[in-house]
Each structure stands twice: as structure tokens, then as C-alpha cells.
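input26.txt (compact mmCIF, C-alpha atoms) appears below.
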# COMPACT_ATOMS: atom_id res chain seq x y z
CA MET K 1 -8.81 31.32 90.41
CA ARG K 2 -5.78 33.35 91.55
CA GLN K 3 -3.56 31.08 93.62
CA GLN K 4 -1.72 32.55 96.59
CA SER K 5 1.90 31.36 96.59
CA GLY K 6 1.85 30.20 100.20
CA ASP K 7 -1.29 28.13 99.90
CA ALA K 8 0.22 24.87 98.64
CA SER K 9 -2.35 22.82 100.55
CA LEU K 10 -5.23 24.30 98.57
CA LEU K 11 -3.39 23.69 95.31
CA ARG K 12 -2.83 20.04 96.22
CA LYS K 13 -6.55 19.66 97.00
CA LEU K 14 -7.54 21.26 93.70
CA ASN K 15 -5.14 19.06 91.76
CA SER K 16 -6.31 15.97 93.62
CA ALA K 17 -9.97 16.75 92.88
CA ALA K 18 -9.11 17.36 89.22
CA VAL K 19 -7.27 14.05 88.88
CA LEU K 20 -10.06 12.16 90.64
CA ARG K 21 -12.71 13.67 88.37
CA ILE K 22 -10.67 12.88 85.25
CA LEU K 23 -10.09 9.32 86.43
CA ARG K 24 -13.79 8.83 87.06
CA GLU K 25 -14.79 10.15 83.64
CA ALA K 26 -12.05 8.24 81.80
CA GLY K 27 -12.82 4.88 83.34
CA VAL K 28 -9.18 3.75 83.06
CA ALA K 29 -6.13 5.99 82.61
CA THR K 30 -2.34 5.93 82.84
CA LEU K 31 -0.28 8.41 84.86
CA SER K 32 0.79 10.19 81.68
CA GLU K 33 -2.82 10.55 80.54
CA LEU K 34 -3.88 11.88 83.95
CA ALA K 35 -0.97 14.34 84.04
CA ARG K 36 -1.81 15.73 80.61
CA ALA K 37 -5.52 16.06 81.32
CA ALA K 38 -5.00 17.69 84.74
CA ARG K 39 -2.12 19.87 83.47
CA VAL K 40 0.28 18.72 86.14
CA SER K 41 3.65 17.01 85.94
CA ARG K 42 3.82 13.25 85.83
CA PRO K 43 5.56 13.03 89.24
CA THR K 44 2.79 15.19 90.72
CA ALA K 45 0.13 12.97 89.15
CA GLU K 46 1.88 9.91 90.58
CA VAL K 47 1.89 11.35 94.11
CA ILE K 48 -1.79 12.29 93.83
CA VAL K 49 -2.79 8.85 92.55
CA GLU K 50 -0.86 7.10 95.32
CA ASP K 51 -2.71 9.27 97.85
CA LEU K 52 -6.05 8.46 96.22
CA ILE K 53 -5.25 4.74 96.36
CA ALA K 54 -4.33 5.02 100.04
CA GLU K 55 -7.62 6.83 100.73
CA GLY K 56 -9.61 4.20 98.83
CA TRP K 57 -10.77 6.40 95.93
CA ALA K 58 -8.66 4.76 93.21
CA GLU K 59 -7.13 1.38 92.43
CA GLU K 60 -4.54 0.02 90.06
CA CYS K 61 -5.81 -2.14 87.18
CA GLY K 62 -4.34 -5.31 85.80
CA GLU K 63 -2.43 -5.38 82.55
CA GLU K 64 -4.26 -5.23 79.23
CA GLN K 65 -3.91 -8.25 76.97
CA GLY K 66 -0.74 -7.82 74.94
CA ASP K 67 0.92 -5.37 77.36
CA ARG K 68 3.81 -7.74 78.11
CA GLN K 69 4.55 -8.11 74.41
CA ARG K 70 5.16 -4.36 74.13
CA GLY K 71 7.71 -4.24 76.95
CA ARG K 72 7.19 -2.75 80.37
CA PRO K 73 3.48 -1.86 80.63
CA ALA K 74 2.32 1.54 81.81
CA ARG K 75 0.56 1.51 85.15
CA ARG K 76 -3.16 1.91 84.69
CA PHE K 77 -5.67 3.15 87.25
CA ARG K 78 -9.42 3.48 87.68
CA PHE K 79 -11.88 5.22 89.96
CA ARG K 80 -13.03 2.96 92.79
CA ALA K 81 -16.80 3.39 92.59
CA SER K 82 -17.40 1.13 95.58
CA ALA K 83 -15.65 3.65 97.84
CA GLY K 84 -19.03 5.28 98.44
CA HIS K 85 -22.75 4.61 98.07
CA VAL K 86 -26.02 6.50 97.98
CA ALA K 87 -29.65 5.51 98.33
CA GLY K 88 -32.72 6.56 96.38
CA VAL K 89 -36.30 6.25 97.63
CA GLY K 90 -39.63 6.61 95.84
CA ILE K 91 -42.62 7.12 98.14
CA GLY K 92 -45.95 6.07 96.66
CA ALA K 93 -49.45 5.44 97.95
CA SER K 94 -49.18 1.65 97.80
CA HIS K 95 -45.42 1.01 97.86
CA VAL K 96 -42.13 2.52 98.91
CA ARG K 97 -39.16 1.56 96.73
CA ALA K 98 -35.49 1.96 97.58
CA MET K 99 -32.18 1.36 95.82
CA VAL K 100 -28.53 1.59 96.82
CA ALA K 101 -25.99 2.47 94.14
CA ASP K 102 -22.24 2.96 94.04
CA LEU K 103 -20.63 6.23 92.98
CA ASN K 104 -20.86 5.25 89.31
CA GLY K 105 -24.62 4.85 89.67
CA GLU K 106 -24.59 1.05 89.45
CA VAL K 107 -27.46 -0.31 91.55
CA VAL K 108 -26.14 -2.91 93.97
CA ALA K 109 -29.32 -3.57 95.98
CA SER K 110 -33.03 -2.78 95.74
CA HIS K 111 -36.16 -3.58 97.69
CA LYS K 112 -39.72 -2.39 98.15
CA ALA K 113 -42.19 -2.38 101.00
CA PRO K 114 -46.00 -2.22 100.83
CA THR K 115 -47.90 0.74 102.24
CA HIS K 116 -51.55 1.77 102.12
CA GLU K 117 -53.41 5.02 101.67
CA THR K 118 -54.80 5.10 105.21
CA MET K 119 -51.36 5.06 106.84
CA THR K 120 -50.52 8.01 109.06
CA ALA K 121 -47.56 10.16 108.06
CA ALA K 122 -45.52 8.80 111.00
CA GLU K 123 -46.21 5.21 109.98
CA ARG K 124 -45.19 5.89 106.39
CA LEU K 125 -42.00 7.61 107.53
CA ASP K 126 -41.11 4.62 109.69
CA VAL K 127 -41.58 2.35 106.66
CA VAL K 128 -39.22 4.54 104.64
CA ALA K 129 -36.55 4.50 107.36
CA GLY K 130 -36.84 0.75 107.82
CA LEU K 131 -36.62 0.15 104.08
CA VAL K 132 -33.48 2.29 103.68
CA SER K 133 -31.85 0.37 106.51
CA ALA K 134 -32.88 -2.95 104.97
CA VAL K 135 -31.66 -2.15 101.46
CA ALA K 136 -28.37 -0.81 102.84
CA GLY K 137 -27.98 -4.10 104.67
CA ARG K 138 -28.59 -6.00 101.43
CA ALA K 139 -25.69 -4.04 99.94
CA GLY K 140 -23.48 -4.98 102.90
CA LEU K 141 -23.56 -1.46 104.34
CA SER K 142 -24.72 0.26 107.46
CA MET K 143 -27.05 3.21 107.04
CA ALA K 144 -24.20 5.48 108.18
CA GLY K 145 -22.19 4.16 105.23
CA LEU K 146 -24.42 6.03 102.76
CA ALA K 147 -23.20 9.41 101.50
CA ALA K 148 -26.73 10.71 100.86
CA VAL K 149 -30.35 9.58 100.55
CA GLY K 150 -32.48 11.04 97.76
CA VAL K 151 -36.25 10.90 98.27
CA GLY K 152 -39.03 11.42 95.74
CA THR K 153 -42.58 12.11 96.86
CA THR K 154 -45.85 13.25 95.39
CA GLY K 155 -46.87 16.84 96.09
CA VAL K 156 -45.42 20.34 95.90
CA VAL K 157 -41.98 20.20 97.56
CA ASP K 158 -40.21 23.46 98.44
CA ASN K 159 -36.46 24.12 98.48
CA ALA K 160 -36.21 23.14 102.15
CA GLY K 161 -37.71 19.69 101.57
CA ARG K 162 -41.15 20.50 102.99
CA VAL K 163 -44.28 19.13 101.35
CA VAL K 164 -46.29 22.30 100.81
CA LYS K 165 -49.31 20.46 99.44
CA SER K 166 -50.25 16.88 98.69
CA THR K 167 -53.61 15.51 97.61
CA VAL K 168 -52.53 11.86 97.50
CA LEU K 169 -51.02 10.95 100.88
CA PRO K 170 -52.90 11.71 104.11
CA GLY K 171 -51.06 13.90 106.61
CA TRP K 172 -48.48 14.83 103.99
CA THR K 173 -49.47 18.49 103.43
CA GLY K 174 -47.26 20.72 105.56
CA LEU K 175 -44.91 17.86 106.47
CA ASP K 176 -41.24 18.80 106.86
CA LEU K 177 -40.23 15.60 105.10
CA ARG K 178 -36.53 16.33 105.01
CA ALA K 179 -36.39 17.06 108.73
CA GLU K 180 -38.56 14.10 109.70
CA LEU K 181 -36.48 11.66 107.68
CA GLY K 182 -33.31 13.36 108.88
CA ARG K 183 -34.27 12.36 112.41
CA ARG K 184 -34.71 8.76 111.33
CA LEU K 185 -31.76 8.41 108.94
CA ALA K 186 -28.05 9.00 109.54
CA PRO K 187 -27.01 10.31 106.07
CA PRO K 188 -27.97 13.70 104.60
CA VAL K 189 -31.49 13.59 103.11
CA LEU K 190 -32.57 15.34 99.90
CA VAL K 191 -36.26 15.61 99.01
CA GLU K 192 -37.80 16.41 95.62
CA ASN K 193 -41.09 16.05 93.77
CA ASP K 194 -41.46 12.57 92.27
CA MET K 195 -42.25 13.71 88.74
CA ARG K 196 -39.15 15.90 88.56
CA LEU K 197 -37.07 12.93 89.67
CA ALA K 198 -38.77 10.74 87.05
CA VAL K 199 -37.75 13.07 84.22
CA LEU K 200 -34.26 13.28 85.73
CA ALA K 201 -34.07 9.48 85.54
CA GLU K 202 -35.22 9.55 81.90
CA HIS K 203 -32.46 12.05 81.11
CA TRP K 204 -29.88 9.95 82.96
CA ARG K 205 -30.72 6.42 81.92
CA GLY K 206 -33.97 6.44 80.00
CA ALA K 207 -35.55 7.52 76.75
CA ALA K 208 -34.43 11.16 77.11
CA ARG K 209 -30.69 10.51 77.18
CA GLY K 210 -29.01 13.11 75.00
CA HIS K 211 -32.06 15.42 75.03
CA ASP K 212 -32.14 18.52 77.21
CA ASP K 213 -35.66 19.87 76.58
CA VAL K 214 -38.29 17.29 77.45
CA VAL K 215 -41.91 17.07 78.59
CA TYR K 216 -42.63 14.04 80.76
CA LEU K 217 -46.18 12.72 81.14
CA PHE K 218 -46.89 10.23 83.92
CA THR K 219 -49.88 7.97 83.33
CA GLY K 220 -51.39 5.54 85.80
CA HIS K 221 -53.63 5.92 88.82
CA ARG K 222 -53.11 9.65 88.32
CA LEU K 223 -51.71 11.98 85.69
CA GLY K 224 -48.55 13.97 86.35
CA LEU K 225 -46.15 16.18 84.45
CA ALA K 226 -42.53 17.26 84.63
CA LEU K 227 -40.43 19.59 82.51
CA LEU K 228 -36.76 19.24 81.66
CA ILE K 229 -35.36 22.55 80.42
CA GLY K 230 -31.70 22.92 79.51
CA GLY K 231 -30.99 19.48 80.94
CA ARG K 232 -32.37 20.26 84.40
CA PRO K 233 -35.80 19.58 85.93
CA HIS K 234 -37.72 22.85 86.02
CA ARG K 235 -39.03 23.74 89.50
CA GLY K 236 -40.81 27.05 88.89
CA ALA K 237 -41.13 30.10 91.13
CA ASN K 238 -43.08 28.17 93.79
CA ALA K 239 -41.62 24.70 93.16
CA ALA K 240 -44.97 23.77 91.56
CA ALA K 241 -43.87 23.40 87.93
CA GLY K 242 -45.62 20.41 86.38
CA GLU K 243 -48.53 20.34 88.84
CA ILE K 244 -51.68 19.94 86.76
CA GLY K 245 -54.12 21.44 89.26
CA ARG K 246 -57.64 22.32 88.17
CA GLN K 247 -58.22 22.92 84.48
CA ALA K 248 -61.14 24.13 82.42
CA ARG K 249 -61.40 20.57 81.08
CA ASP K 250 -60.89 18.01 83.83
CA HIS K 251 -57.81 15.98 82.85
CA TRP K 252 -59.53 12.82 84.07
CA SER K 253 -62.02 13.25 81.23
CA ALA K 254 -59.38 11.73 78.93
CA PHE K 255 -60.09 8.40 80.63
CA ARG K 256 -63.78 8.51 79.74
CA HIS K 257 -63.01 6.90 76.36
CA VAL K 258 -61.54 3.74 77.89
CA PHE K 259 -63.89 3.84 80.88
CA ASP K 260 -66.98 3.91 78.67
CA TYR K 261 -65.60 1.09 76.53
CA ALA K 262 -64.93 -1.07 79.59
CA MET K 263 -68.44 -0.49 80.93
CA GLU K 264 -69.99 -1.43 77.59
CA ALA K 265 -67.80 -4.52 77.15
CA GLU K 266 -68.36 -5.86 80.67
CA PRO K 267 -71.23 -3.93 82.32
CA GLY K 268 -71.07 -5.88 85.57
CA GLU K 269 -67.42 -5.07 86.31
CA LEU K 270 -66.47 -1.97 88.28
CA ARG K 271 -63.04 -0.61 87.36
CA SER K 272 -60.92 2.39 88.29
CA HIS K 273 -59.73 4.73 85.54
CA GLN K 274 -56.38 2.93 85.42
CA GLN K 275 -57.98 -0.51 85.39
CA ALA K 276 -60.29 0.55 82.57
CA ALA K 277 -57.30 1.76 80.56
CA ASP K 278 -55.43 -1.51 81.20
CA PHE K 279 -58.51 -3.49 80.15
CA ALA K 280 -59.01 -1.53 76.92
CA ILE K 281 -55.32 -1.71 76.03
CA GLY K 282 -55.30 -5.47 76.54
CA ARG K 283 -58.38 -5.89 74.36
CA ALA K 284 -56.90 -3.60 71.69
CA ARG K 285 -53.75 -5.73 71.54
CA GLY K 286 -56.02 -8.72 71.07
CA GLY K 287 -57.57 -7.19 67.95
CA ASP K 288 -60.77 -5.64 69.34
CA GLU K 289 -61.48 -2.70 67.00
CA ARG K 290 -63.74 -0.88 69.47
CA ALA K 291 -61.07 -1.16 72.14
CA LEU K 292 -58.47 0.19 69.73
CA ALA K 293 -60.73 3.15 68.90
CA ALA K 294 -61.19 3.87 72.62
CA VAL K 295 -57.44 3.74 73.32
CA THR K 296 -56.71 5.93 70.29
CA ALA K 297 -59.25 8.52 71.45
CA PHE K 298 -57.76 8.38 74.95
CA ALA K 299 -54.25 8.96 73.58
CA ARG K 300 -55.34 11.84 71.36
CA HIS K 301 -57.10 13.45 74.32
CA LEU K 302 -53.82 13.27 76.26
CA GLY K 303 -52.07 14.89 73.32
CA GLU K 304 -54.61 17.72 73.27
CA GLY K 305 -53.93 18.34 76.95
CA LEU K 306 -50.18 18.42 76.37
CA LEU K 307 -50.40 20.82 73.43
CA THR K 308 -50.59 23.89 75.67
CA LEU K 309 -47.13 22.96 76.96
CA VAL K 310 -45.61 21.56 73.79
CA ASN K 311 -46.24 24.51 71.49
CA PRO K 312 -44.82 27.29 73.71
CA LEU K 313 -41.97 25.21 75.22
CA ASP K 314 -40.83 23.65 71.92
CA PRO K 315 -39.35 20.47 73.49
CA GLU K 316 -37.28 17.93 71.60
CA MET K 317 -39.17 15.02 73.09
CA VAL K 318 -42.28 13.96 74.98
CA VAL K 319 -41.81 10.89 77.18
CA VAL K 320 -44.89 8.94 78.25
CA GLY K 321 -44.12 7.22 81.55
CA GLY K 322 -45.96 5.46 84.33
CA ARG K 323 -47.94 2.23 84.23
CA LEU K 324 -49.68 2.93 80.92
CA ALA K 325 -46.36 3.45 79.12
CA ARG K 326 -46.44 -0.33 78.67
CA ALA K 327 -49.06 0.28 75.98
CA GLY K 328 -46.20 1.50 73.78
CA ASP K 329 -47.24 2.44 70.25
CA LEU K 330 -50.95 2.20 71.10
CA LEU K 331 -50.49 5.45 73.05
CA VAL K 332 -47.42 6.92 71.41
CA GLU K 333 -48.53 6.81 67.77
CA PRO K 334 -51.86 8.69 68.17
CA ILE K 335 -50.13 11.42 70.20
CA GLN K 336 -47.37 11.65 67.60
CA ARG K 337 -49.89 11.90 64.76
CA TYR K 338 -51.72 14.67 66.58
CA PHE K 339 -48.52 16.65 67.19
CA ASP K 340 -47.53 16.17 63.55
CA GLU K 341 -50.84 17.78 62.60
CA VAL K 342 -50.78 20.81 64.89
CA CYS K 343 -47.17 21.64 65.91
CA TYR K 344 -44.73 23.80 63.99
CA TYR K 345 -41.91 21.56 65.20
CA PRO K 346 -43.45 18.29 66.40
CA PRO K 347 -41.45 16.70 69.23
CA ARG K 348 -40.66 13.03 69.12
CA VAL K 349 -43.04 11.02 71.34
CA VAL K 350 -41.64 7.93 73.06
CA ALA K 351 -42.68 5.49 75.77
CA SER K 352 -40.53 5.16 78.86
CA GLY K 353 -38.79 1.87 79.45
CA LEU K 354 -37.94 2.49 83.11
CA GLY K 355 -41.22 1.20 84.47
CA SER K 356 -41.99 1.59 88.16
CA ASP K 357 -38.34 2.29 89.01
CA CYS K 358 -38.26 5.75 87.39
CA VAL K 359 -38.78 7.84 90.55
CA THR K 360 -36.38 5.73 92.62
CA LEU K 361 -33.70 5.93 89.91
CA GLY K 362 -34.17 9.69 89.77
CA ALA K 363 -33.74 9.82 93.54
CA VAL K 364 -30.48 7.88 93.17
CA ARG K 365 -29.26 10.41 90.59
CA TRP K 366 -30.31 13.27 92.90
CA ALA K 367 -28.28 11.74 95.75
CA LEU K 368 -25.30 11.13 93.46
CA ASP K 369 -25.26 14.81 92.53
CA ARG K 370 -24.99 15.63 96.26
CA ALA K 371 -22.23 13.05 96.70
CA ASP K 372 -20.36 14.50 93.72
CA ASP K 373 -20.53 17.99 95.23
CA LEU K 374 -18.96 16.66 98.42
CA LEU K 375 -16.41 14.51 96.61
CA PHE K 376 -15.14 17.16 94.19
CA SER K 377 -15.60 20.32 96.28
Kindly present the structure from the file in C-alpha cells form.
Amino acid sequence: MRQQSGDASLLRKLNSAAVLRILREAGVATLSELARAARVSRPTAEVIVEDLIAEGWAEECGEEQGDRQRGRPARRFRFRASAGHVAGVGIGASHVRAMVADLNGEVVASHKAPTHETMTAAERLDVVAGLVSAVAGRAGLSMAGLAAVGVGTTGVVDNAGRVVKSTVLPGWTGLDLRAELGRRLAPPVLVENDMRLAVLAEHWRGAARGHDDVVYLFTGHRLGLALLIGGRPHRGANAAAGEIGRQARDHWSAFRHVFDYAMEAEPGELRSHQQAADFAIGRARGGDERALAAVTAFARHLGEGLLTLVNPLDPEMVVVGGRLARAGDLLVEPIQRYFDEVCYYPPRVVASGLGSDCVTLGAVRWALDRADDLLFS
């Protein structure tokens, strides 16, 4: 950037933002370290840090053990993460989950509220607004004290935060979710597809840390997909990347292996696809060979469905998330064996450890990105 000589105010802002970013990334730093990293003089760094302390963005640390033995200790400073907070929300058919985190992403409060599939859109929106207010209160904040609220929802979500199509939640198709929540919440609202936020969470704090090209498979009451390409969730031309849609082979047919086993094992019990999978997995862990065969066939079927993505995209990793990720190696190993058989470069297959918090954590990360843009702009 070419700096105009008379614009000292802009230069001060740029230097201040640079020092703040360095301080945040370093964790703890001295004035000399900040000056070197920001390429400013030490006196300039000192003035900037004093301003940041006055504004609440930085704080001075105590002495390290042994500092007094080395003479006068250097002043040490750190980013004050509690200077701001964001919220993340995951909207599901049966629950809404919310978290509040500080600017370092440390979750300081969380809560969930029950919902049901027959709720109207307005009723569900009111639950979301009430939950955000409640979880902010648990963190000792007002809703206005949040820098941003990230929201993850099922369905195709466009760039404006509208739900273009949803087959899970009634009244959700065509809903301007960002605008509706914006009327109910004080902070800026960001809306994204839940599966894209789930893979973002895996990249941030889950199994995909350090991996930039990832396929994420959600397993549970439904099947979902998300793609991480170059370290960013892929949205596609119509924001529909990852939507399974209709296929030549119905993706629910993968569940027939565990469903048939459950019906044979206990003919009088009626189970959903997810319940049948849970039942078979539990029996397989208990040593039932027929259950193990059913779960293995189920996992291989999932691998066959993923192959059309894995071969052309060449990802480093496939993360199996959602409720059935708790099956661990019972699902992961058959998929890995299948990929080892048919892929030129088999990706590593792992089970997610984030559990039901994955979408909400991704929403927190989404909101933090917005807060960072405002903080360092």
C-alpha cells in the first residue's frame, strides 16, 4: 500500500491492527518482540500497546518465574480475548444448540433447547432468539454484547442467508433466515449450511486439523456431505455443494443392511434407519457376528457412495461425523479397506470426535471470522 505522507491517522490504525494481530497470534510478547514483528520502533510499539490496554484489547502479564533473578524484567503483554464474544447456533429438527465463545474461540457458555418437527418457522425462530439470549446471559453478557452470531441450518443457503430449499424443517424453504433472525437479535447474523459449518469445525478443532482437502460425511437420522477444498468449505455455483439430492441408487439403501438385521434379530420392534444402525452397532460390539457383517456391509455401501467424490477430488481425508461416528472403527475400517482397494491415492478415513457440537462449533468459527474482519480491518 502506498502511504500518503499526510495520512498519519491511517498509518497509526494500520500499525495498531498489526500489533494487535501479532499479539493475538503470539499469546504473550514483549515490546521489543512486538516492535520487531510489526516493523515499528520500540517507542511506537509502546504507545500502541498502551492504547490497546486503555481500549481493553490487551493487558500486561505478570512476571515469569525467574525474571527477578535476571534483573529488571521486560514488560510482557497478551491479547485480552474476553474483550469480545461471539455466539454460534446449530438449528436441528429436535434441538437448537448455542454456544458463546471469547475472541480466542474458548467456549464460555453453552445450552440447548428442545424443538419438534411440527413447529412453525416463527416458533422455531423464537426458540433460537430466546436461546441466544439465555446463553449470553450464562456468559454474563447481554445479547448486544455479542460481536456476531453464526447460525447453521439444514438446507440450501444462499449468499444472502436465505434458505432456498429445505426438506427437513417445515416452513423453512424460502425463509430469509438472516433477516428474520436479524429482527430478533441485536448482533450481526451470519447464516450457513450446517454441513459446511461441520467441516469447518473439523478443520478448526476436530479430526481435520492440518488438512485442507477433506470430504465430510454426516451420518445419523439423515446423510449429509460437505467438502473442504483449499482449507475452505466449498459452496458451489448455487450454494448447493454437498447436497446429496436424488441419486440413481437411493442413498438410504445403505441402511438396508442394518435395518434387515434388526428386523431379523427382533421382528416385533419397529426402528428408524438410525435406530437400526445403533442397534446393529451395539450388537456388533457385543460380539454378534451377524451384526458385525451387517455393519460392515453398511459401511462399505457408504464407501461406494463416497467413491464418486473421493476419486475425482483426491482429498487427504474423509471424516465420518454425526451420531454414527461413535461406531468408530466398525465404520471407519471397512470404508478404509474399500478405498485402499479402489483409489489411486486412498485418503485417510477417520471418525469425528466432536459429536453433536460440530455444527454449533462451526457456527462459532464462522462468527469469529466476522469478528476478526471487524477487529483487524
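Computed from the coordinates, the atom CA of Thr219 of chain K to atom CA of Gly322 of chain K distance equals 4.8 Å.
The neighbours of Leu331 of chain K here are the residues that come within 7 Å of it, using only C-alpha atoms and leaving out any residue fewer than 4 positions away in the same chain; they are Thr296, Ala299, Ala327 and Ile335 of chain K.
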Exercise for the section: Within 12 Å of Glu123 of chain K, counting all atoms listed in the file, which residues show up once you throw out same-chain ones fewer than 6 positions away? Write them as number ranges by chain, please. Expected result: K: 114-117, 129-130, 169-172, 180-181
Take the residues that were just selected and, keeping C-alpha atoms, output them as a CSV table (one decimal), in the coordinates of the input.
chain,number,residue,atom,x,y,z
K,114,PRO,CA,-46.0,-2.2,100.8
K,115,THR,CA,-47.9,0.7,102.2
K,116,HIS,CA,-51.6,1.8,102.1
K,117,GLU,CA,-53.4,5.0,101.7
K,129,ALA,CA,-36.6,4.5,107.4
K,130,GLY,CA,-36.8,0.8,107.8
K,169,LEU,CA,-51.0,11.0,100.9
K,170,PRO,CA,-52.9,11.7,104.1
K,171,GLY,CA,-51.1,13.9,106.6
K,172,TRP,CA,-48.5,14.8,104.0
K,180,GLU,CA,-38.6,14.1,109.7
K,181,LEU,CA,-36.5,11.7,107.7
Problem - Counting all atoms listed in the file, the option among K:Glu304, K:Glu46, K:Asp369, K:Asp357 closest to Glu202 of chain K - result: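 Of K:Glu304, K:Glu46, K:Asp369, K:Asp357, the one nearest Glu202 of chain K, counting all atoms listed in the file, is K:Asp357.
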Handout entry: Nearest to Leu141 of chain K by atom-to-atom distance, counting only C-alpha atoms, from K:Gly84, K:Gly210, K:Gly92, K:Gly155
Key = K:Gly84
Exercise for the section: Might you pull out every residue within 10 Å of Met195 of chain K, with all atoms listed in the file counted and same-chain residues fewer than 4 positions away left off, and present them as JSON, numbers by chain? Expected result: {"K": [152, 153, 154, 155, 199, 200, 201, 216, 217, 218, 224, 225, 226, 227, 233, 241, 242, 243, 321, 358, 359, 362]}
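Shortest separation to Val89 of chain K among K:Gly150, K:Gly236, K:Gly105, K:Pro73 occurs at residue K:Gly150, atoms counted being only C-alpha atoms.
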Problem - Which of K:Val40, K:Val332, K:Ala121, K:Leu146 sits closest to Gly174 of chain K [using all atoms listed in the file] - result: K:Ala121
Handout entry: Nearest candidate to Thr173 of chain K (options K:Trp57, K:Thr120, K:Gly140, K:Gly27; using all atoms listed in the file)
Key = K:Thr120
Exercise for the section: Give me the residues within 10 Å of Ala239 of chain K as a count of residues only, counting only C-alpha atoms and dropping any in the same chain fewer than 6 places off. Expected result: 8
Practice task
Can you work out which one of K:Ile281, K:Leu354, K:Leu125, K:Val364 has the shortest atom-to-atom distance to Tyr261 of chain K, counting all atoms listed in the file?
Solution key: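 Nearest to Tyr261 of chain K: K:Ile281.
For the pair atom CA of Val163 of chain K and atom CA of Val319 of chain K, the separation is 25.7 Å.
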Exercise for the section: Have a look at atom CA of Arg12 of chain K and atom CA of Ile48 of chain K and let me know their distance in Å, one decimal. Expected result: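 Between atom CA of Arg12 of chain K and atom CA of Ile48 of chain K the gap is 8.2 Å.
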Problem - Who sits within 9 Å of Ala284 of chain K, all atoms listed in the file, same chain under 5 positions skipped, as a PyMOL selection string - result: chain K and resi 279+289-295+330
All file atoms of segment 17-33 of chain K boxed axis-aligned, 4 Å per side, centre plus edges, as AutoDock Vina command-line options:
--center_x -7.0 --center_y 10.6 --center_z 86.7 --size_x 23.6 --size_y 21.6 --size_z 20.3
